[in-house]
Structures are given as C-alpha cells and as structure tokens.
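my_file.txt follows (compact mmCIF, C-alpha atoms):
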# COMPACT_ATOMS: atom_id res chain seq x y z
CA MET A 1 -8.22 100.05 49.60
CA PRO A 2 -9.55 97.17 51.74
CA LEU A 3 -10.26 93.76 50.29
CA LEU A 4 -13.45 93.87 48.23
CA ARG A 5 -16.15 91.21 48.13
CA ASN A 6 -17.99 90.40 44.91
CA SER A 7 -21.03 92.33 46.12
CA ASP A 8 -18.81 95.33 46.83
CA ASN A 9 -17.40 95.13 43.31
CA GLU A 10 -20.92 95.10 41.87
CA ALA A 11 -21.84 98.17 43.91
CA LEU A 12 -18.78 100.01 42.61
CA GLN A 13 -19.64 99.50 38.95
CA PRO A 14 -20.68 102.70 37.13
CA GLY A 15 -24.35 103.45 36.58
CA SER A 16 -26.12 104.80 33.52
CA ALA A 17 -25.95 108.41 34.77
CA PHE A 18 -22.17 108.15 35.05
CA ALA A 19 -21.97 106.60 31.58
CA VAL A 20 -23.88 109.49 29.98
CA LEU A 21 -21.81 112.10 31.90
CA PHE A 22 -18.63 110.27 30.90
CA MET A 23 -19.50 110.37 27.20
CA PHE A 24 -20.44 114.06 27.38
CA CYS A 25 -17.15 114.90 29.08
CA VAL A 26 -15.13 112.76 26.65
CA ILE A 27 -16.62 114.74 23.75
CA SER A 28 -15.90 118.03 25.54
CA VAL A 29 -12.34 117.08 26.45
CA THR A 30 -11.63 115.87 22.91
CA ALA A 31 -12.98 119.11 21.44
CA LEU A 32 -10.76 121.13 23.79
CA MET A 33 -7.73 119.02 22.85
CA ALA A 34 -7.89 120.53 19.37
CA TYR A 35 -6.75 123.81 20.97
CA ILE A 36 -3.73 122.32 22.75
CA PRO A 37 -0.58 124.12 21.53
CA ALA A 38 1.45 122.21 18.97
CA SER A 39 4.45 122.41 21.30
CA CYS A 40 2.59 120.31 23.89
CA GLN A 41 1.67 117.70 21.28
CA ILE A 42 5.28 117.55 20.12
CA ALA A 43 6.47 117.20 23.72
CA PHE A 44 4.14 114.23 24.30
CA ARG A 45 5.27 112.69 21.00
CA ASP A 46 8.91 113.09 22.02
CA LEU A 47 8.16 111.50 25.39
CA THR A 48 6.57 108.54 23.61
CA ILE A 49 9.63 108.12 21.39
CA LEU A 50 11.99 108.49 24.37
CA VAL A 51 10.22 105.80 26.42
CA THR A 52 10.06 103.44 23.44
CA LYS A 53 13.73 103.95 22.66
CA ALA A 54 14.70 103.32 26.29
CA LEU A 55 12.61 100.15 26.46
CA GLY A 56 13.97 98.86 23.14
CA THR A 57 17.56 99.61 24.14
CA VAL A 58 17.17 97.72 27.43
CA LEU A 59 15.78 94.74 25.49
CA GLY A 60 18.70 94.80 23.06
CA PHE A 61 17.10 96.28 19.93
CA ALA A 62 18.80 98.81 17.67
CA MET A 63 16.87 102.03 18.31
CA THR A 64 17.30 105.41 16.63
CA SER A 65 15.10 108.47 16.20
CA ASN A 66 15.06 111.70 14.25
CA ALA A 67 12.27 114.20 14.94
CA ASP A 68 9.06 112.18 14.44
CA ILE A 69 10.78 109.11 12.92
CA LEU A 70 11.41 106.12 15.21
CA THR A 71 13.50 103.24 13.88
CA VAL A 72 13.49 99.73 15.35
CA ASN A 73 16.15 97.37 13.96
CA GLY A 74 16.20 99.42 10.77
CA PHE A 75 12.41 99.63 10.35
CA ALA A 76 11.31 103.27 10.32
CA MET A 77 7.94 104.46 11.66
CA ARG A 78 6.54 108.00 11.64
CA ILE A 79 5.05 108.78 15.06
CA ILE A 80 2.06 111.08 14.60
CA ASN A 81 -0.25 112.38 17.32
CA GLN A 82 -2.57 109.35 17.10
CA CYS A 83 0.42 107.05 17.72
CA THR A 84 1.06 108.54 21.17
CA ALA A 85 -2.10 107.06 22.76
CA VAL A 86 -3.07 110.54 23.93
CA ASP A 87 -6.73 109.77 23.10
CA TYR A 88 -6.67 106.72 25.37
CA VAL A 89 -5.04 108.80 28.11
CA ALA A 90 -7.87 111.33 27.78
CA ILE A 91 -10.55 108.62 27.98
CA LEU A 92 -9.05 106.87 31.00
CA ALA A 93 -8.24 110.10 32.84
CA THR A 94 -11.78 111.42 32.28
CA ALA A 95 -13.33 108.18 33.58
CA ILE A 96 -11.11 108.18 36.68
CA LEU A 97 -11.56 111.84 37.61
CA LEU A 98 -15.35 111.74 37.12
CA TYR A 99 -15.87 108.67 39.27
CA THR A 100 -16.76 110.30 42.58
CA ARG A 101 -17.64 107.02 44.34
CA HIS A 102 -13.91 106.88 45.07
CA SER A 103 -12.15 109.55 47.11
CA LEU A 104 -10.27 112.38 45.45
CA SER A 105 -6.94 111.06 46.75
CA TYR A 106 -7.65 107.61 45.27
CA ARG A 107 -8.65 109.18 41.95
CA LEU A 108 -5.45 111.23 41.84
CA PHE A 109 -3.47 108.11 42.73
CA GLY A 110 -5.23 106.23 39.91
CA LEU A 111 -4.36 109.02 37.50
CA ALA A 112 -0.71 109.00 38.61
CA VAL A 113 -0.51 105.25 37.93
CA ALA A 114 -2.79 104.93 34.89
CA VAL A 115 -1.21 107.62 32.68
CA PRO A 116 2.35 106.20 32.92
CA ALA A 117 0.89 102.71 32.46
CA VAL A 118 -0.78 103.75 29.19
CA VAL A 119 2.44 105.46 28.01
CA PHE A 120 4.45 102.32 28.82
CA ALA A 121 1.88 100.03 27.17
CA ASN A 122 1.98 102.22 24.08
CA ALA A 123 5.77 102.03 24.04
CA CYS A 124 5.46 98.23 24.07
CA ARG A 125 2.96 98.48 21.20
CA LEU A 126 5.30 100.62 19.10
CA LEU A 127 8.28 98.41 19.85
CA ILE A 128 6.46 95.20 18.94
CA SER A 129 5.04 96.84 15.80
CA GLY A 130 8.54 97.87 14.76
CA VAL A 131 9.88 94.36 15.29
CA VAL A 132 6.99 92.91 13.26
CA GLY A 133 7.72 95.45 10.53
CA THR A 134 11.30 94.21 10.19
CA PHE A 135 9.93 90.85 9.05
CA SER A 136 6.92 91.92 6.97
CA ARG A 137 5.39 95.26 6.02
CA ARG A 138 2.07 93.53 5.39
CA ALA A 139 2.14 92.00 8.88
CA PHE A 140 2.98 95.42 10.32
CA ASP A 141 -0.01 97.02 8.59
CA PHE A 142 -2.33 94.29 9.84
CA ALA A 143 -1.04 94.50 13.42
CA HIS A 144 -1.04 98.31 13.42
CA ASP A 145 -4.42 98.85 11.76
CA TYR A 146 -6.38 95.99 13.32
CA LEU A 147 -4.91 93.92 16.16
CA TRP A 148 -3.44 96.78 18.17
CA VAL A 149 -6.56 98.94 17.89
CA ILE A 150 -8.53 96.20 19.62
CA GLY A 151 -5.74 95.14 21.96
CA PHE A 152 -5.06 98.63 23.25
CA ALA A 153 -8.72 99.33 23.89
CA LEU A 154 -8.90 96.12 25.94
CA ILE A 155 -5.79 97.17 27.88
CA VAL A 156 -7.37 100.53 28.75
CA PHE A 157 -10.61 98.87 29.86
CA ALA A 158 -8.58 96.43 31.99
CA LEU A 159 -6.74 99.32 33.67
CA TRP A 160 -10.07 100.97 34.45
CA THR A 161 -11.46 97.72 35.90
CA LEU A 162 -8.39 97.21 38.08
CA TRP A 163 -8.65 100.76 39.41
CA VAL A 164 -12.39 100.88 40.02
CA ASN A 165 -12.38 97.52 41.88
CA GLY A 166 -9.41 98.56 43.98
CA ARG A 167 -7.90 95.10 43.95
CA PHE A 168 -7.41 92.50 41.24
CA PHE A 169 -8.50 89.00 42.17
CA VAL A 170 -6.67 86.28 40.25
CA SER A 171 -9.21 83.51 40.02
CA ARG A 172 -10.19 80.88 37.53
CA SER A 173 -13.49 82.61 36.79
CA ALA A 174 -11.79 86.00 36.31
CA ALA A 175 -9.24 84.48 33.93
CA TRP A 176 -12.06 82.78 32.04
CA ARG A 177 -13.95 86.08 31.65
CA VAL A 178 -10.85 87.90 30.44
CA GLY A 179 -10.02 85.16 27.96
CA LEU A 180 -13.61 85.00 26.74
CA THR A 181 -13.68 88.77 26.22
CA VAL A 182 -10.43 88.75 24.22
CA VAL A 183 -11.40 85.74 22.09
CA SER A 184 -14.91 87.08 21.46
CA THR A 185 -13.64 90.52 20.49
CA ILE A 186 -11.06 89.15 18.07
CA GLY A 187 -13.56 86.63 16.68
CA VAL A 188 -16.25 89.22 16.00
CA TYR A 189 -13.72 91.57 14.45
CA GLY A 190 -12.45 88.77 12.24
CA LEU A 191 -16.03 88.02 11.17
CA ILE A 192 -16.60 91.67 10.26
CA LEU A 193 -13.40 91.69 8.21
CA PHE A 194 -14.44 88.45 6.48
CA CYS A 195 -17.82 90.00 5.62
CA HIS A 196 -16.17 93.34 4.87
CA ASP A 197 -18.02 94.08 1.64
CA VAL A 198 -21.46 93.08 2.89
CA TYR A 199 -21.00 94.95 6.16
CA GLY A 200 -19.65 98.05 4.40
CA ASP A 201 -22.52 98.15 1.91
CA LEU A 202 -25.09 97.85 4.72
CA MET A 203 -23.41 100.68 6.66
CA ALA A 204 -23.37 102.82 3.51
CA GLN A 205 -27.09 102.30 2.98
CA ALA A 206 -27.89 103.06 6.61
CA SER A 207 -25.71 106.18 6.72
CA SER A 208 -27.22 107.37 3.41
CA PHE A 209 -30.66 107.11 4.98
CA PHE A 210 -29.63 109.16 8.02
CA TYR A 211 -27.81 111.75 5.91
CA ARG A 212 -30.85 112.34 3.72
CA LEU A 213 -33.01 112.52 6.84
CA MET A 214 -30.76 115.18 8.36
CA ASN A 215 -30.27 117.26 5.23
CA ASP A 216 -33.35 116.69 3.05
CA ASP A 217 -31.02 116.03 0.12
CA PRO A 218 -32.46 113.20 -2.03
CA LEU A 219 -29.64 113.45 -4.61
CA ALA A 220 -26.90 112.68 -2.09
CA SER A 221 -25.74 109.17 -1.28
CA ILE A 222 -22.98 107.46 0.67
CA ILE A 223 -21.31 104.47 -0.95
CA ARG A 224 -18.54 102.12 0.06
CA ASP A 225 -15.41 102.20 -2.05
CA GLY A 226 -13.01 99.56 -0.77
CA ASP A 227 -11.94 100.60 2.73
CA VAL A 228 -13.52 104.06 2.68
CA MET A 229 -16.95 105.66 2.55
CA VAL A 230 -17.60 108.20 -0.19
CA TYR A 231 -20.20 110.95 0.01
CA SER A 232 -21.47 111.44 -3.53
CA ARG A 233 -23.85 113.78 -5.28
CA PRO A 234 -23.81 115.34 -8.77
CA GLY A 235 -20.65 117.40 -9.07
CA ALA A 236 -19.12 116.50 -5.68
CA SER A 237 -17.56 113.60 -3.77
CA ILE A 238 -15.88 113.40 -0.36
CA VAL A 239 -13.90 110.47 1.05
CA LEU A 240 -14.32 109.43 4.71
CA GLU A 241 -12.58 106.72 6.71
CA TYR A 242 -14.70 104.07 8.42
CA MET A 243 -12.62 101.68 10.49
CA LEU A 244 -13.10 102.49 14.17
CA GLU A 245 -16.82 101.68 14.19
CA GLN A 246 -15.92 98.09 13.28
CA VAL A 247 -13.66 97.98 16.32
CA ASN A 248 -16.28 99.28 18.75
CA ILE A 249 -18.81 96.68 17.56
CA ALA A 250 -16.27 93.93 18.26
CA LEU A 251 -15.34 95.43 21.65
CA TYR A 252 -18.97 95.81 22.68
CA VAL A 253 -19.74 92.18 21.88
CA GLY A 254 -16.54 91.06 23.60
CA LEU A 255 -17.50 92.89 26.81
CA MET A 256 -21.04 91.51 26.78
CA VAL A 257 -20.32 87.86 25.94
CA PRO A 258 -19.01 86.92 29.45
CA LEU A 259 -22.31 88.17 30.93
CA GLN A 260 -24.36 85.65 28.96
CA LYS A 261 -25.70 82.67 30.92
CA LYS A 262 -27.60 79.67 29.74
CA GLY A 263 -31.33 80.39 29.76
CA ASP A 264 -30.85 84.10 30.53
CA TRP A 265 -32.88 85.39 27.59
CA GLU A 266 -33.27 88.82 29.16
CA MET A 267 -29.52 89.49 29.09
CA LEU A 268 -29.32 88.16 25.54
CA GLY A 269 -32.12 90.53 24.52
CA ILE A 270 -30.42 93.46 26.25
CA THR A 271 -27.16 92.61 24.48
CA ILE A 272 -28.84 92.48 21.06
CA ILE A 273 -30.65 95.77 21.64
CA GLY A 274 -27.35 97.37 22.66
CA LEU A 275 -25.67 95.98 19.55
CA LEU A 276 -28.36 97.49 17.34
CA CYS A 277 -27.87 100.83 19.10
CA VAL A 278 -24.10 100.69 18.51
CA VAL A 279 -24.58 99.88 14.81
CA LEU A 280 -27.12 102.68 14.37
CA LEU A 281 -24.83 105.15 16.14
CA ASN A 282 -22.03 104.10 13.79
CA ALA A 283 -24.22 104.88 10.76
CA ILE A 284 -25.23 108.22 12.26
CA PHE A 285 -21.56 109.12 12.82
CA ILE A 286 -20.76 108.44 9.17
CA ALA A 287 -23.73 110.59 8.13
CA LEU A 288 -22.63 113.38 10.50
CA GLY A 289 -19.11 113.20 9.08
CA CYS A 290 -20.53 113.79 5.61
CA ARG A 291 -22.60 116.68 6.91
CA PHE A 292 -19.56 118.37 8.49
CA ALA A 293 -17.55 117.80 5.32
CA VAL A 294 -20.24 119.45 3.19
CA THR A 295 -21.01 122.36 5.49
CA SER A 296 -17.56 123.09 6.98
CA GLY A 297 -15.10 121.76 4.43
CA GLU A 298 -11.98 119.71 5.12
CA ALA A 299 -11.17 121.50 8.38
CA GLY A 300 -14.62 120.75 9.78
CA LEU A 301 -14.34 117.11 8.72
CA ILE A 302 -10.93 116.70 10.35
CA ASN A 303 -12.17 118.20 13.63
CA PHE A 304 -15.26 116.00 13.61
CA GLN A 305 -13.26 112.86 12.85
CA GLY A 306 -10.88 113.69 15.69
CA ILE A 307 -13.80 113.84 18.12
CA GLY A 308 -15.52 110.89 16.47
CA SER A 309 -12.50 108.61 16.80
CA VAL A 310 -12.38 109.15 20.57
CA VAL A 311 -16.15 108.71 20.89
CA HIS A 312 -15.81 105.41 19.02
CA MET A 313 -13.17 104.31 21.51
CA ALA A 314 -15.36 105.25 24.49
CA LEU A 315 -18.67 103.94 23.09
CA PRO A 316 -18.25 100.23 24.01
CA MET A 317 -17.43 101.10 27.63
CA THR A 318 -20.36 103.53 27.81
CA MET A 319 -22.87 101.07 26.36
CA TYR A 320 -21.55 98.30 28.63
CA TRP A 321 -22.01 100.47 31.72
CA ILE A 322 -25.51 101.55 30.72
CA LEU A 323 -26.77 98.04 30.01
CA THR A 324 -25.18 96.38 33.03
CA SER A 325 -26.39 99.14 35.35
CA GLU A 326 -29.94 98.73 34.05
CA ARG A 327 -29.71 95.01 34.77
CA ARG A 328 -28.39 95.61 38.30
CA GLU A 329 -31.10 98.17 39.05
CA ALA A 330 -33.81 95.84 37.78
CA ALA A 331 -32.53 93.10 40.07
CA VAL A 332 -32.84 95.28 43.19
Show me the file's structure as structure tokens.
Amino acid sequence: MPLLRNSDNEALQPGSAFAVLFMFCVISVTALMAYIPASCQIAFRDLTILVTKALGTVLGFAMTSNADILTVNGFAMRIINQCTAVDYVAILATAILLYTRHSLSYRLFGLAVAVPAVVFANACRLLISGVVGTFSRRAFDFAHDYLWVIGFALIVFALWTLWVNGRFFVSRSAAWRVGLTVVSTIGVYGLILFCHDVYGDLMAQASSFFYRLMNDDPLASIIRDGDVMVYSRPGASIVLEYMLEQVNIALYVGLMVPLQKKGDWEMLGITIIGLLCVVLLNAIFIALGCRFAVTSGEAGLINFQGIGSVVHMALPMTMYWILTSERREAAV
C-alpha cells in the first residue's frame, strides 16, 4: 500500500455504519462458533500448546505438555478454549473481512498475517504467565485475570490499526498516543478494582432495575457477592460472573483519552456520553444473563455468556468507531 498521509488515515477510519455491522456480525459469528465440532476446538488448542512449547524451548525454558496441560519450568496450566485466543481471532478476522474500503486481496493478506500474529502473541502471553506462575501463584492469577485481559485487547486493536492504515508511522506523537492509551486503560482499570465494592453494588442495582423492567418480576433482585453477581428471588439463586465489563470500560476510556484536547468540550461530552452508554450496556448484559439463566437453565446461560464475553471484547472498538466517526462527519 502506498505511503499514507494523515488525511488519508482519517478517511480510512471506520464509520458508524461499519461499527454497527461489525457488532452484528461478531454476535453472529460467536453464536455459530458454538456449533464448531469439538475436534476443531481441540486442534486449535493443540496448535496453541505446540507454538508455546516451541517458543519456550527456543528461549531455554523447560516445556512439557500432556493433553490440555502445559507446563512451563514446572508450573502447570490447563489450556481451555478461552486460553487459545480464538475469540480475539474471530473479532479481528471479522473486522478485517468486513472492511470493504480495502481490496479483497489486501483483506486476505491482512487475515493471513493477523491470525498467526494473534496466535504468536497468545503464545507469548501463556509463556510469560507460566514464568510468572513459577514465582508466585497470586501474581499469576493477577496477571492472567486482569493485566493480560487488557493487554491482549490492546494488542488486537493495535494489529487492526496497523492493518487499516496500511503503514505504521513511528513518530513522537504516535508513541505518545499509544503510551497514553496504555497508561489510561491500566489506570482506569486499577481505579475500578480499588472501588470494586462500590462499583459492583452500583452495577447490581442498575442490572436489577433492567431485569425487573424486562421480566415484570418485582421479587427478583441482583446482588453483588464478592467477585460475582447473584440473581436472587425467593427459592432460587443463580451465580453469574462479571469481570469483562470492567475491562471494556477501561479500554473505552483508554482509547478516548488521546482524543481529548484542551478546551475541546464537545469531545469531552461525547466521551462521557459514550462512557454512560458502555456502563448501561454492561448492566443490561448482566440482566440479560439472568434472564437466560432463568428461562433456559445452565446451558442457556453458558451460551449467552460465551456470546457476551466476545461482545464485551468488541464493544470498546465499536463505541470508539461510532463516536469518532460522528465527530469526523460533523467536521465535514
């Protein structure tokens, strides 16, 4: 692709129509992934373990594996489907294939490069996590459950940005934006963790409101119990996870912070409105999870959470595209 000017890069950025289509297709692709044969999932898991073992061996680590167990310097990890980064592959592949402003050959080239890049990045993630685990199980849990969730999402967004722009410009301003995004994302996520109880109770109240609105069930409520949300009504209770929505809030803010300029109150207002939308969508997802659990049982809840986890991953990118495209269109 020829050298791109800044104005060309702006013109290549996705619009709101693409963002909505992208989210619809992500949901559809994720739903279809539930019907992928188990043999294909196992094959992708084995590929993940194979690449990680090869990388670790080259770097001098003691690597062994047995079925779904990967061991790094004596620290054993069970590699489940979510550990293979297949969800991130689905998100990035969907975004690339849908983006018709680039030619089909360039999209196929992007796919051929991006998928191995995600697999390799995930191998690095697993290897580093294993090394961390050899020193401290607590540090492993923190890195696995928090830092890598954010870090990997940023890596995927960076791969998309590199591909859509066609060429990466190493400049002081670009490095500043990247650094600001990373620092802002980690900072906001740290703030949410610090205010964990307050944030969780607010989300429980909001999701309870939406659940009652959807189901006309005044006796039901959703409460926070430590790190989980619990649907509760007389004679029944259902436990739901609620971690990924914290990550997408942090990612959304991290993506929007570099766009803020002194005196630009319009962009600040747009950012705040988008943040409120993300928070409300998070509460609605928790309420919907409860609804699926009540109406469809454990199987329905698992299927919904599988789709919901990928939607959470894609939501910051989608909201970012919508808000920035609205700003660009208003400036024309």
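The coordinates place atom CA of Met319 of chain A at 15.2 Å from atom CA of Thr185 of chain A.
Distance check against Arg125 of chain A using all atoms listed in the file: of A:Met313, A:Leu55, A:Met23, A:Ile36, the minimum falls on A:Leu55.
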Handout entry: Selected residue of minimal separation from Tyr106 of chain A among A:Val164, A:Val310, A:Val20, A:Ala204, counting all atoms listed in the file
Key =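 Closest residue, counting all atoms listed in the file: A:Val164.
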Handout entry: Selection: 12 Å around Ile155 of chain A, all atoms listed in the file, excl. self and same-chain fewer than 3 positions, as an MDAnalysis selection string
Key = chainID A and resid 85 88:89 92 114 117:122 124:125 148:152 158:162 178 181:182 251
Handout entry: Pro258 of chain A environment, 8 Å, all atoms listed in the file, sequence neighbours closer than 2 positions dropped, as a list in words
Key = Arg177, Leu180, Thr181, Gly254, Leu255, Met256 and Gln260 of chain A
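Shortest separation to Tyr146 of chain A among A:Tyr189, A:Trp265, A:Tyr252, A:Trp176 occurs at residue A:Tyr189, atoms counted being only C-alpha atoms.
The closest residue to Ala314 of chain A, picked from A:Cys25, A:Ala293, A:Leu213, A:Ala220 and counting only C-alpha atoms, is A:Cys25.
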